[in-house]
$ cat model-v7.txt   # compact mmCIF, C-alpha atoms
# COMPACT_ATOMS: atom_id res chain seq x y z
CA MET A 1 -28.37 217.91 93.72
CA PHE A 2 -29.54 220.33 91.04
CA LYS A 3 -32.10 217.77 89.96
CA ALA A 4 -33.49 217.59 93.50
CA PHE A 5 -33.65 221.40 93.62
CA TYR A 6 -35.55 221.45 90.34
CA THR A 7 -37.85 218.63 91.46
CA VAL A 8 -38.87 220.47 94.63
CA VAL A 9 -39.45 223.78 92.83
CA MET A 10 -41.62 222.11 90.19
CA ARG A 11 -43.46 220.11 92.85
CA ASP A 12 -44.37 223.22 94.83
CA LEU A 13 -45.39 225.15 91.71
CA LEU A 14 -47.58 222.24 90.63
CA LEU A 15 -49.18 222.08 94.07
CA ALA A 16 -49.81 225.83 93.95
CA MET A 17 -51.41 225.45 90.52
CA ARG A 18 -53.72 222.74 91.84
CA ASN A 19 -54.68 225.00 94.71
CA ARG A 20 -54.88 228.45 93.20
CA SER A 21 -56.93 230.09 95.94
CA ASP A 22 -53.83 230.15 98.12
CA ILE A 23 -51.98 232.42 95.69
CA LEU A 24 -54.95 234.64 95.07
CA THR A 25 -55.67 235.36 98.75
CA THR A 26 -52.18 236.82 99.26
CA LEU A 27 -52.43 238.82 96.08
CA PHE A 28 -55.85 240.24 96.87
CA PHE A 29 -54.72 241.10 100.37
CA PHE A 30 -51.89 243.14 98.85
CA ILE A 31 -54.23 244.89 96.40
CA ILE A 32 -56.88 245.68 98.98
CA ALA A 33 -54.46 246.84 101.68
CA ILE A 34 -52.84 249.28 99.25
CA SER A 35 -56.16 250.47 97.83
CA LEU A 36 -57.57 251.25 101.28
CA PHE A 37 -55.11 254.08 101.94
CA PRO A 38 -56.22 256.47 99.17
CA LEU A 39 -59.78 255.91 100.35
CA GLY A 40 -58.91 256.58 103.97
CA VAL A 41 -56.40 259.39 103.57
CA GLY A 42 -58.31 261.25 100.88
CA PRO A 43 -57.46 262.19 97.30
CA GLU A 44 -54.69 264.67 98.20
CA LEU A 45 -52.06 263.73 95.59
CA ASP A 46 -49.11 265.27 97.41
CA THR A 47 -49.86 263.30 100.56
CA LEU A 48 -50.41 260.09 98.59
CA ARG A 49 -47.13 260.44 96.74
CA GLU A 50 -45.38 260.93 100.04
CA ILE A 51 -46.82 257.91 101.82
CA ALA A 52 -46.75 255.56 98.80
CA PRO A 53 -43.36 253.88 99.38
CA GLY A 54 -44.12 253.16 103.01
CA VAL A 55 -47.60 251.85 102.25
CA PHE A 56 -46.37 249.57 99.47
CA TRP A 57 -43.62 248.14 101.58
CA VAL A 58 -45.74 247.58 104.68
CA ALA A 59 -48.37 245.87 102.52
CA ALA A 60 -45.70 243.69 100.90
CA LEU A 61 -44.35 242.76 104.33
CA LEU A 62 -47.76 241.74 105.63
CA ALA A 63 -48.70 239.87 102.44
CA SER A 64 -45.45 237.94 102.50
CA MET A 65 -46.00 237.09 106.15
CA LEU A 66 -49.54 235.89 105.49
CA ALA A 67 -48.20 233.44 102.95
CA LEU A 68 -45.48 232.09 105.25
CA GLU A 69 -47.82 229.79 107.08
CA ARG A 70 -48.21 227.62 104.01
CA LEU A 71 -44.48 227.29 103.38
CA PHE A 72 -43.92 224.20 105.54
CA ALA A 73 -47.15 223.61 107.50
CA ILE A 74 -48.95 221.42 104.96
CA ASP A 75 -45.85 219.33 104.22
CA TYR A 76 -45.38 218.94 107.96
CA ALA A 77 -48.95 217.77 108.49
CA ASP A 78 -48.97 215.13 105.74
CA GLY A 79 -45.52 213.76 106.52
CA THR A 80 -43.84 214.80 103.27
CA LEU A 81 -41.55 217.14 105.17
CA GLU A 82 -40.03 214.38 107.31
CA GLN A 83 -39.64 212.27 104.18
CA MET A 84 -37.77 215.17 102.56
CA LEU A 85 -35.47 215.46 105.55
CA LEU A 86 -34.71 211.74 105.16
CA THR A 87 -33.72 211.93 101.50
CA PRO A 88 -30.05 211.78 100.51
CA GLN A 89 -30.16 215.44 99.42
CA PRO A 90 -28.66 218.36 101.34
CA ALA A 91 -31.53 219.77 103.36
CA THR A 92 -30.39 223.36 102.67
CA ILE A 93 -30.90 222.78 98.94
CA LEU A 94 -34.42 221.50 99.53
CA VAL A 95 -35.20 224.48 101.76
CA LEU A 96 -33.81 226.90 99.16
CA ALA A 97 -35.97 225.24 96.50
CA LYS A 98 -39.08 225.55 98.65
CA VAL A 99 -38.32 229.21 99.38
CA LEU A 100 -37.73 229.94 95.69
CA ALA A 101 -41.06 228.35 94.75
CA HIS A 102 -42.74 230.27 97.56
CA TRP A 103 -41.26 233.53 96.28
CA LEU A 104 -42.30 232.79 92.69
CA ILE A 105 -45.84 232.20 93.91
CA THR A 106 -46.22 235.00 96.44
CA GLY A 107 -43.43 237.52 95.77
CA VAL A 108 -43.26 237.91 92.00
CA PRO A 109 -46.98 238.71 91.58
CA LEU A 110 -46.56 241.61 94.03
CA VAL A 111 -43.68 243.01 91.99
CA LEU A 112 -45.65 242.72 88.77
CA LEU A 113 -48.75 244.33 90.24
CA SER A 114 -47.04 247.26 91.90
CA PRO A 115 -46.92 249.57 88.80
CA LEU A 116 -50.66 249.25 88.37
CA LEU A 117 -51.30 250.00 92.03
CA GLY A 118 -48.78 252.83 91.85
CA LEU A 119 -51.15 254.72 89.58
CA GLN A 120 -53.52 255.15 92.51
CA TYR A 121 -50.78 257.11 94.25
CA ASP A 122 -49.85 259.23 91.22
CA LEU A 123 -46.28 257.94 91.32
CA SER A 124 -43.90 259.10 88.62
CA LEU A 125 -42.47 256.58 86.18
CA GLU A 126 -39.08 256.84 87.85
CA ALA A 127 -40.55 256.17 91.29
CA ILE A 128 -42.45 253.15 89.98
CA GLN A 129 -39.31 251.74 88.42
CA VAL A 130 -37.38 252.05 91.66
CA LEU A 131 -40.29 250.64 93.61
CA MET A 132 -40.37 247.56 91.38
CA LEU A 133 -36.63 247.14 91.65
CA THR A 134 -36.67 247.34 95.44
CA LEU A 135 -39.56 244.89 95.64
CA LEU A 136 -37.73 242.54 93.30
CA LEU A 137 -34.65 242.68 95.52
CA GLY A 138 -36.46 242.80 98.84
CA THR A 139 -39.22 240.20 98.59
CA PRO A 140 -36.80 237.24 98.23
CA SER A 141 -35.17 238.39 101.48
CA LEU A 142 -38.60 238.45 103.10
CA SER A 143 -39.26 234.85 101.98
CA LEU A 144 -35.83 233.72 103.16
CA ILE A 145 -36.00 235.39 106.56
CA GLY A 146 -39.62 234.33 106.96
CA SER A 147 -38.76 230.68 106.34
CA ILE A 148 -36.86 230.63 109.64
CA GLY A 149 -39.94 231.76 111.53
CA ALA A 150 -42.19 229.35 109.62
CA ALA A 151 -39.88 226.45 110.45
CA LEU A 152 -39.61 227.40 114.12
CA THR A 153 -43.36 227.56 114.68
CA LEU A 154 -44.24 224.28 112.95
CA GLY A 155 -46.73 222.21 114.88
CA LEU A 156 -47.38 224.91 117.48
CA ARG A 157 -50.86 226.07 118.31
CA GLY A 158 -51.43 229.67 117.25
CA GLY A 159 -48.29 229.48 115.18
CA GLY A 160 -49.52 232.19 112.82
CA VAL A 161 -49.46 234.93 115.44
CA LEU A 162 -46.12 233.75 116.76
CA VAL A 163 -44.62 233.87 113.27
CA SER A 164 -45.51 237.54 112.97
CA LEU A 165 -43.94 238.31 116.33
CA LEU A 166 -40.78 236.46 115.41
CA VAL A 167 -40.43 237.59 111.85
CA LEU A 168 -41.72 241.18 111.65
CA PRO A 169 -38.83 242.64 113.69
CA LEU A 170 -36.40 240.92 111.36
CA TYR A 171 -38.17 242.47 108.38
CA ILE A 172 -37.49 246.01 109.60
CA PRO A 173 -34.18 246.54 107.76
CA VAL A 174 -35.77 245.46 104.47
CA LEU A 175 -38.65 247.85 105.12
CA ILE A 176 -36.37 250.79 105.91
CA PHE A 177 -34.10 250.40 102.91
CA GLY A 178 -36.88 249.39 100.54
CA ALA A 179 -39.10 252.34 101.28
CA GLY A 180 -36.05 254.59 101.75
CA ALA A 181 -34.79 253.89 98.23
CA VAL A 182 -38.03 255.07 96.66
CA GLU A 183 -38.21 258.17 98.85
CA ALA A 184 -34.59 259.06 98.16
CA THR A 185 -35.09 258.71 94.42
CA VAL A 186 -38.22 260.86 94.42
CA SER A 187 -36.55 263.59 96.48
CA GLY A 188 -33.62 263.61 94.07
CA LEU A 189 -30.98 262.25 96.45
CA GLY A 190 -30.61 259.01 94.53
CA GLY A 191 -31.44 255.62 95.98
CA THR A 192 -28.33 253.68 94.97
CA GLY A 193 -27.07 253.36 98.53
CA HIS A 194 -30.36 251.98 99.75
CA ILE A 195 -30.58 249.54 96.87
CA SER A 196 -27.06 248.29 97.55
CA MET A 197 -28.06 247.69 101.15
CA LEU A 198 -31.10 245.72 99.98
CA GLY A 199 -28.80 243.63 97.79
CA ALA A 200 -26.49 243.03 100.73
CA ILE A 201 -29.40 241.94 102.93
CA PHE A 202 -30.54 239.58 100.20
CA LEU A 203 -27.11 237.97 99.86
CA LEU A 204 -26.71 237.65 103.60
CA SER A 205 -30.11 236.02 104.04
CA LEU A 206 -29.48 233.77 101.04
CA VAL A 207 -26.46 232.34 102.81
CA MET A 208 -27.62 232.35 106.42
CA ALA A 209 -31.38 231.75 106.36
CA PRO A 210 -31.40 228.23 104.83
CA LEU A 211 -28.95 227.01 107.49
CA ALA A 212 -31.09 228.40 110.30
CA THR A 213 -34.25 227.06 108.68
CA VAL A 214 -32.83 223.55 108.36
CA ALA A 215 -31.80 223.57 112.01
CA ALA A 216 -35.30 224.72 112.99
CA LEU A 217 -36.94 222.09 110.79
CA ARG A 218 -34.89 219.32 112.39
CA VAL A 219 -36.03 220.47 115.83
CA SER A 220 -39.67 220.69 114.70
CA ALA A 221 -39.57 217.24 113.07
CA GLU A 222 -38.53 215.49 116.28
CA MET B 223 -24.58 196.86 109.74
CA LEU B 224 -26.96 198.72 112.03
CA GLU B 225 -25.72 198.96 115.58
CA VAL B 226 -27.42 200.50 118.54
CA ASN B 227 -25.34 201.24 121.59
CA ASN B 228 -26.64 202.14 125.00
CA LEU B 229 -29.53 204.15 123.61
CA GLU B 230 -31.73 206.25 125.85
CA CYS B 231 -34.74 208.36 124.89
CA ILE B 232 -36.67 210.68 127.15
CA ARG B 233 -39.98 212.12 125.97
CA GLY B 234 -41.47 214.73 128.25
CA ASP B 235 -40.07 213.70 131.62
CA ARG B 236 -40.43 209.96 131.09
CA SER B 237 -37.62 207.71 130.05
CA LEU B 238 -39.03 205.42 127.36
CA PHE B 239 -36.04 203.15 127.12
CA ALA B 240 -32.50 203.21 128.40
CA GLU B 241 -29.34 201.17 127.95
CA LEU B 242 -30.80 199.67 124.81
CA SER B 243 -28.27 197.89 122.64
CA PHE B 244 -28.77 195.59 119.70
CA SER B 245 -27.51 195.06 116.20
CA LEU B 246 -29.01 194.04 112.92
CA ASN B 247 -27.22 192.36 110.06
CA SER B 248 -27.95 191.56 106.45
CA GLY B 249 -30.97 189.34 105.93
CA GLU B 250 -32.46 189.94 109.37
CA LEU B 251 -35.89 191.12 110.36
CA LEU B 252 -36.51 192.67 113.74
CA HIS B 253 -40.01 192.78 115.13
CA LEU B 254 -40.52 195.51 117.73
CA LEU B 255 -43.09 194.63 120.35
CA GLY B 256 -44.58 196.67 123.12
CA HIS B 257 -47.83 198.07 124.43
CA ASN B 258 -49.19 201.46 123.38
CA GLY B 259 -46.87 204.21 124.52
CA SER B 260 -43.91 201.92 125.12
CA GLY B 261 -41.74 203.86 122.69
CA LYS B 262 -41.80 201.82 119.49
CA THR B 263 -42.37 204.80 117.25
CA THR B 264 -39.86 206.87 119.18
CA LEU B 265 -37.27 204.13 118.74
CA LEU B 266 -37.93 203.92 115.00
CA ARG B 267 -37.73 207.70 114.62
CA THR B 268 -34.48 207.68 116.59
CA LEU B 269 -33.08 204.95 114.36
CA CYS B 270 -33.86 206.90 111.22
CA GLY B 271 -32.29 210.05 112.65
CA LEU B 272 -35.35 212.24 113.11
CA ILE B 273 -35.08 212.20 116.89
CA LYS B 274 -31.83 212.91 118.65
CA PRO B 275 -31.26 210.32 121.39
CA ASN B 276 -30.59 211.64 124.90
CA GLN B 277 -27.85 209.07 125.33
CA GLY B 278 -26.11 206.56 123.17
CA LEU B 279 -25.36 206.05 119.55
CA VAL B 280 -26.93 204.61 116.43
CA SER B 281 -24.35 203.58 113.89
CA TRP B 282 -24.59 202.38 110.34
CA LYS B 283 -21.67 200.56 108.71
CA GLY B 284 -19.53 201.54 111.66
CA SER B 285 -20.13 205.27 111.95
CA ASN B 286 -22.68 207.47 113.65
CA ILE B 287 -25.77 208.09 111.48
CA ARG B 288 -25.85 211.74 112.52
CA ARG B 289 -22.39 212.24 111.03
CA GLN B 290 -23.38 210.80 107.64
CA ARG B 291 -26.97 211.91 107.13
CA GLU B 292 -26.95 211.80 103.35
CA GLU B 293 -25.16 208.46 103.02
CA PHE B 294 -27.42 206.89 105.62
CA ALA B 295 -30.54 208.36 104.02
CA GLU B 296 -29.58 206.70 100.77
CA ASP B 297 -29.43 203.28 102.48
CA MET B 298 -32.57 203.70 104.56
CA LEU B 299 -36.28 203.93 103.91
CA PHE B 300 -38.55 205.04 106.75
CA LEU B 301 -42.32 204.78 106.49
CA GLY B 302 -44.05 206.27 109.50
CA HIS B 303 -47.61 206.80 110.64
CA LEU B 304 -48.06 209.63 108.18
CA ASN B 305 -48.26 208.53 104.59
CA GLY B 306 -45.91 211.23 103.34
CA ILE B 307 -47.76 211.78 100.09
CA LYS B 308 -49.46 214.92 98.78
CA ALA B 309 -53.24 214.79 98.59
CA ASP B 310 -53.36 217.12 95.57
CA LEU B 311 -51.06 215.00 93.42
CA THR B 312 -51.78 211.71 91.70
CA ALA B 313 -50.17 208.46 92.79
CA VAL B 314 -47.74 208.52 89.85
CA GLU B 315 -46.72 212.13 90.52
CA ASN B 316 -46.21 211.39 94.20
CA LEU B 317 -44.05 208.35 93.56
CA ARG B 318 -42.07 210.08 90.81
CA ILE B 319 -41.18 213.01 93.09
CA LEU B 320 -40.25 210.72 95.97
CA CYS B 321 -38.03 208.61 93.71
CA GLN B 322 -36.32 211.66 92.22
CA LEU B 323 -35.57 213.00 95.68
CA ASP B 324 -34.17 209.59 96.62
CA GLY B 325 -31.87 209.93 93.64
CA GLN B 326 -33.49 207.07 91.74
CA GLN B 327 -34.25 207.06 88.05
CA VAL B 328 -37.61 205.52 87.29
CA SER B 329 -39.56 205.61 84.06
CA ASP B 330 -43.29 206.22 84.00
CA LYS B 331 -43.70 202.69 82.72
CA GLU B 332 -42.08 201.28 85.86
CA LEU B 333 -44.30 203.44 88.04
CA TRP B 334 -47.42 202.22 86.28
CA GLN B 335 -46.21 198.66 86.65
CA VAL B 336 -45.70 199.12 90.39
CA LEU B 337 -49.14 200.66 90.80
CA LYS B 338 -50.62 197.70 88.97
CA GLU B 339 -48.80 195.33 91.31
CA ILE B 340 -50.03 197.13 94.40
CA GLY B 341 -53.59 197.06 93.12
CA LEU B 342 -54.14 200.70 92.19
CA TYR B 343 -54.53 200.15 88.48
CA GLY B 344 -57.20 202.47 87.13
CA HIS B 345 -56.60 205.09 89.83
CA GLU B 346 -53.47 206.70 88.37
CA ASP B 347 -55.19 209.85 87.22
CA LEU B 348 -56.92 210.56 90.50
CA ALA B 349 -55.53 212.89 93.13
CA VAL B 350 -54.49 210.81 96.11
CA GLY B 351 -56.77 212.93 98.30
CA VAL B 352 -59.90 211.28 96.88
CA LEU B 353 -58.64 207.74 97.48
CA SER B 354 -59.65 205.72 100.53
CA GLN B 355 -57.42 205.40 103.59
CA GLY B 356 -56.31 201.92 102.56
CA GLN B 357 -55.58 203.01 99.01
CA LYS B 358 -53.46 205.91 100.26
CA ARG B 359 -51.55 203.44 102.39
CA ARG B 360 -51.04 201.30 99.31
CA VAL B 361 -49.48 204.27 97.48
CA THR B 362 -47.04 204.64 100.37
CA MET B 363 -46.30 200.92 100.33
CA ALA B 364 -45.59 201.10 96.61
CA ARG B 365 -42.37 202.82 97.64
CA LEU B 366 -41.16 199.51 99.06
CA LEU B 367 -41.48 197.97 95.61
CA LEU B 368 -39.39 200.80 94.14
CA SER B 369 -36.87 201.06 96.94
CA GLU B 370 -33.21 200.22 96.47
CA SER B 371 -32.32 200.85 100.12
CA PRO B 372 -31.13 197.88 102.17
CA LEU B 373 -32.63 199.06 105.47
CA TRP B 374 -36.38 199.48 105.89
CA LEU B 375 -37.89 200.98 109.02
CA LEU B 376 -41.65 200.40 108.98
CA ASP B 377 -43.96 201.79 111.62
CA GLU B 378 -47.23 199.84 111.63
CA PRO B 379 -47.10 199.06 107.91
CA PHE B 380 -50.22 196.90 107.96
CA THR B 381 -52.73 199.43 109.34
CA ALA B 382 -55.68 200.26 107.08
CA LEU B 383 -54.66 197.63 104.54
CA ASP B 384 -57.03 194.83 103.52
CA LYS B 385 -56.11 191.16 103.73
CA ALA B 386 -54.86 190.88 100.17
CA ALA B 387 -52.62 193.91 100.59
CA VAL B 388 -51.28 192.62 103.91
CA ASP B 389 -50.35 189.34 102.22
CA LEU B 390 -48.70 191.17 99.33
CA LEU B 391 -46.76 193.38 101.71
CA GLN B 392 -45.57 190.36 103.68
CA THR B 393 -44.29 188.77 100.49
CA VAL B 394 -42.46 191.98 99.58
CA ILE B 395 -40.85 192.22 103.01
CA ALA B 396 -39.92 188.53 103.08
CA LYS B 397 -38.35 188.84 99.64
CA HIS B 398 -36.38 191.90 100.73
CA VAL B 399 -35.05 190.06 103.77
CA GLY B 400 -34.32 187.02 101.61
CA ASN B 401 -32.22 189.19 99.31
CA GLY B 402 -30.06 190.33 102.20
CA GLY B 403 -32.07 193.41 103.18
CA MET B 404 -32.82 194.48 106.72
CA VAL B 405 -36.23 195.30 108.14
CA ILE B 406 -37.34 196.67 111.48
CA LEU B 407 -41.08 196.84 111.87
CA THR B 408 -43.73 197.33 114.49
CA THR B 409 -47.14 195.76 114.27
CA HIS B 410 -49.90 194.67 116.60
CA GLN B 411 -51.46 192.38 114.03
CA ASP B 412 -50.83 188.67 113.99
CA VAL B 413 -49.20 188.17 110.65
CA ALA B 414 -47.40 185.11 109.39
CA LEU B 415 -44.25 187.14 108.80
CA THR B 416 -43.60 187.81 112.47
CA THR B 417 -44.63 184.42 113.86
CA GLY B 418 -41.71 182.51 112.35
CA GLU B 419 -38.07 182.65 113.31
CA VAL B 420 -37.53 186.37 113.65
CA LYS B 421 -35.70 188.55 116.11
CA GLN B 422 -37.96 190.26 118.56
CA LEU B 423 -37.40 193.23 120.78
CA ARG B 424 -39.86 193.92 123.55
CA LEU B 425 -40.20 197.44 124.91
CA GLY B 426 -42.00 198.44 128.09
CA TRP B 427 -42.47 196.63 131.36
CA LYS B 428 -46.04 195.28 131.27
CA LYS B 429 -46.68 191.55 131.35
CA ASP B 430 -48.83 189.92 128.68
CA GLY B 431 -52.47 190.25 129.67
CA ASP B 432 -52.05 193.50 131.62
CA VAL B 433 -53.92 196.50 130.32
$ encode --input "model-v7.txt" --output "structure tokens"
Amino acid sequence: MFKAFYTVVMRDLLLAMRNRSDILTTLFFFIIAISLFPLGVGPELDTLREIAPGVFWVAALLASMLALERLFAIDYADGTLEQMLLTPQPATILVLAKVLAHWLITGVPLVLLSPLLGLQYDLSLEAIQVLMLTLLLGTPSLSLIGSIGAALTLGLRGGGVLVSLLVLPLYIPVLIFGAGAVEATVSGLGGTGHISMLGAIFLLSLVMAPLATVAALRVSAE
Amino acid sequence: MLEVNNLECIRGDRSLFAELSFSLNSGELLHLLGHNGSGKTTLLRTLCGLIKPNQGLVSWKGSNIRRQREEFAEDMLFLGHLNGIKADLTAVENLRILCQLDGQQVSDKELWQVLKEIGLYGHEDLAVGVLSQGQKRRVTMARLLLSESPLWLLDEPFTALDKAAVDLLQTVIAKHVGNGGMVILTTHQDVALTTGEVKQLRLGWKKDGDV
């Protein structure tokens, strides 16, 4: 079972390496979306510091959603997904492996880039640290929750738009607590409560999302 | 071994087949016949568990396949219309991943040997995406040579293959059946394999000669 998990993770990472443009589009979207705000709002540092957490989190949400389409769609189209569902491995393990690979490819780069982008918003070191921590805790939840939407819309025309309608409302708690943690830390209230909530959301989605995704995949594979 | 009881499948609002019952035992080959749209693929996908039947039961070794997904998956190999291989990976990488997910241990040497047998020697380092349609099909068919599952469900296995490959595939299938395996396949081609003494199942209601 662990071997199958490892196999799927390595397979998806290898495929991503062979097709690097996919990773880069998400990453550049994140960079550009965040960089547009200082240009549009103006160089007022107080304003920028204030809007930074919200901007970062909304950009992370949208970038993660952009990448969702590729989670199952290609495997569905070439038949490897149905073959995976017919292997003697628990489907939840395979889904978890695919989501982990997806997060490593699309989530981790956002976390690593955020300090650099934070400089544009004149964020303090403390704020950047909390921002990275919340992104590290929150982006896996985004991938997990998003996998349900990606599985549900497989094979549908205009699936991309539908995914955003299905998934964005479910992202709201992550957005609130993620951005809230940074704001609370900056204002001196302390963001521990928010971060605990993010952790709780992560654990809950880790347990529930693969089950829902597998059920959705079985319906889509019919 | 494989038993089908009173099976009914409805796609859209049309009933493709109903009250379908048959069984398949060790060393038997079943040839599914029927015109386009008669439900051959649907039946095969129902048998492998991808489609939930509207009525009836498919059982393997006495129990419902939907109650024992993982055990059944271990005993069954389904090759459908889609090749189920990644265009960005090489043939060896594709087969290695598929074998690992099937819980089989294969060495690279075995994989190379199989590719040689199936006539893809010299193409191991190429991504499958640049191979021809027939060569891609051959990669998929290489799985039959590696398979340890007793039950094979093959949907149009001979499409896109050249004559030599069709002959090779027939030998592989005949050998599998000879060793006590079970095969259910659909094909429109006249191949020697299906003209002998094999079980046939005809779906649909059209007479021969009707269009």
$ closest_residue --input "model-v7.txt" --among "A:Ala209, A:Ile172, A:Ser187, A:Glu69" --to "A:Gly158" --atoms "all atoms listed in the file"
A:Glu69
$ residues_around --input "model-v7.txt" --residues "A:Thr134" --least-positions-apart "4" --cutoff "8 Å" --atoms "only C-alpha atoms" --output "short mmCIF file (atom, residue, chain, number, x, y, z; two decimals) with C-alpha atoms, in the coordinates of the input"
data_model
loop_
_atom_site.label_atom_id
_atom_site.label_comp_id
_atom_site.auth_asym_id
_atom_site.auth_seq_id
_atom_site.Cartn_x
_atom_site.Cartn_y
_atom_site.Cartn_z
CA VAL A 130 -37.38 252.05 91.66
CA GLY A 138 -36.46 242.80 98.84
CA GLY A 178 -36.88 249.39 100.54
CA ALA A 181 -34.79 253.89 98.23
CA VAL A 182 -38.03 255.07 96.66
CA ILE A 195 -30.58 249.54 96.87
CA LEU A 198 -31.10 245.72 99.98
#
$ residues_around --input "model-v7.txt" --residues "A:Gly180" --least-positions-apart "6" --cutoff "9 Å" --atoms "all atoms listed in the file" --output "PyMOL selection string"
chain A and resi 53-54+191+194-195
$ closest_atom_pairs --input "model-v7.txt" --of "chain A" --to "chain B" --cutoff "8 Å" --atoms "only C-alpha atoms" --output "CSV"
residue,atom,partner,partner_atom,distance
A:Lys3,CA,B:Gln322,CA,7.8
A:Ala4,CA,B:Leu323,CA,5.5
A:Thr7,CA,B:Ile319,CA,6.7
A:Val8,CA,B:Ile319,CA,8.0
A:Arg11,CA,B:Ile319,CA,7.5
A:Leu15,CA,B:Asp310,CA,6.7
A:Arg18,CA,B:Asp310,CA,6.8
A:Asp75,CA,B:Lys308,CA,7.9
A:Asp78,CA,B:Gly306,CA,5.5
A:Gly79,CA,B:Gly306,CA,4.1
A:Thr80,CA,B:Gly306,CA,4.1
A:Leu81,CA,B:Gly306,CA,7.6
A:Glu82,CA,B:Leu272,CA,7.8
A:Gln83,CA,B:Gly306,CA,6.4
A:Met84,CA,B:Leu323,CA,7.5
A:Leu86,CA,B:Ala295,CA,5.5
A:Thr87,CA,B:Ala295,CA,5.4
A:Pro88,CA,B:Glu292,CA,4.2
A:Gln89,CA,B:Glu292,CA,6.2
A:Pro90,CA,B:Glu292,CA,7.1
A:Arg218,CA,B:Leu272,CA,7.1
A:Ala221,CA,B:Leu272,CA,6.5
A:Glu222,CA,B:Ile273,CA,4.8
$ residues_around --input "model-v7.txt" --residues "A:Leu203" --least-positions-apart "2" --cutoff "12 Å" --atoms "only C-alpha atoms" --output "mmCIF file with C-alpha atoms, in the frame of the given file"
data_model
loop_
_atom_site.group_PDB
_atom_site.id
_atom_site.type_symbol
_atom_site.label_atom_id
_atom_site.label_comp_id
_atom_site.auth_asym_id
_atom_site.auth_seq_id
_atom_site.Cartn_x
_atom_site.Cartn_y
_atom_site.Cartn_z
ATOM 1 C CA LEU A 137 -34.650 242.680 95.520
ATOM 2 C CA GLY A 138 -36.460 242.800 98.840
ATOM 3 C CA PRO A 140 -36.800 237.240 98.230
ATOM 4 C CA SER A 141 -35.170 238.390 101.480
ATOM 5 C CA LEU A 142 -38.600 238.450 103.100
ATOM 6 C CA LEU A 144 -35.830 233.720 103.160
ATOM 7 C CA ILE A 145 -36.000 235.390 106.560
ATOM 8 C CA SER A 196 -27.060 248.290 97.550
ATOM 9 C CA MET A 197 -28.060 247.690 101.150
ATOM 10 C CA LEU A 198 -31.100 245.720 99.980
ATOM 11 C CA GLY A 199 -28.800 243.630 97.790
ATOM 12 C CA ALA A 200 -26.490 243.030 100.730
ATOM 13 C CA ILE A 201 -29.400 241.940 102.930
ATOM 14 C CA SER A 205 -30.110 236.020 104.040
ATOM 15 C CA LEU A 206 -29.480 233.770 101.040
ATOM 16 C CA VAL A 207 -26.460 232.340 102.810
ATOM 17 C CA MET A 208 -27.620 232.350 106.420
ATOM 18 C CA ALA A 209 -31.380 231.750 106.360
ATOM 19 C CA PRO A 210 -31.400 228.230 104.830
#
$ closest_residue --input "model-v7.txt" --among "A:Ala97, A:Leu62, A:Leu204, A:Val186" --to "A:Val167" --atoms "all atoms listed in the file"
A:Leu62
$ atom_distance --input "model-v7.txt" --atom1 "atom CA of A:Ser147" --atom2 "atom CA of B:Thr362"
28.0 Å
$ closest_residue --input "model-v7.txt" --among "A:Leu211, A:Thr153, A:Val95, A:Ala60" --to "A:Leu136" --atoms "only C-alpha atoms"
A:Ala60
$ atom_distance --input "model-v7.txt" --atom1 "atom CA of B:Met404" --atom2 "atom CA of B:Gly356"
25.0 Å
$ atom_distance --input "model-v7.txt" --atom1 "atom CA of A:Met17" --atom2 "atom CA of B:Val352"
17.7 Å
$ residues_around --input "model-v7.txt" --residues "A:Leu165" --least-positions-apart "5" --cutoff "12 Å" --atoms "all atoms listed in the file" --output "ChimeraX atom specification"
/A:62,65,146,149-150,152-153,158-160,170-171
$ residues_around --input "model-v7.txt" --residues "A:Ser114" --least-positions-apart "6" --cutoff "9 Å" --atoms "only C-alpha atoms" --output "list of chain:residue names"
A:Ile31, A:Phe56, A:Ile128, A:Leu131, A:Met132, A:Leu135
$ closest_residue --input "model-v7.txt" --among "A:Ser164, A:Ser143, A:Ser124, A:Gln129" --to "A:Leu45" --atoms "all atoms listed in the file"
A:Ser124
$ decode --input "model-v7.txt" --residues "stretch 387-393 of chain B" --atoms "N, CA and C atoms" --output "CSV table (one decimal), in the first residue's frame"
chain,number,residue,atom,x,y,z
B,387,ALA,N,1.1,-8.6,-35.2
B,387,ALA,CA,0.7,-8.3,-33.8
B,387,ALA,C,-0.6,-9.0,-33.4
B,388,VAL,N,-1.5,-9.1,-34.4
B,388,VAL,CA,-2.8,-9.8,-34.1
B,388,VAL,C,-2.5,-11.2,-33.9
B,389,ASP,N,-1.7,-11.8,-34.7
B,389,ASP,CA,-1.3,-13.2,-34.6
B,389,ASP,C,-0.7,-13.5,-33.2
B,390,LEU,N,0.3,-12.6,-32.8
B,390,LEU,CA,1.0,-12.7,-31.6
B,390,LEU,C,0.0,-12.7,-30.4
B,391,LEU,N,-0.9,-11.7,-30.5
B,391,LEU,CA,-1.9,-11.5,-29.4
B,391,LEU,C,-2.9,-12.7,-29.3
B,392,GLN,N,-3.2,-13.3,-30.5
B,392,GLN,CA,-4.1,-14.5,-30.4
B,392,GLN,C,-3.3,-15.7,-29.8
B,393,THR,N,-2.0,-15.8,-30.0
B,393,THR,CA,-1.3,-16.9,-29.4
B,393,THR,C,-1.3,-16.6,-27.9
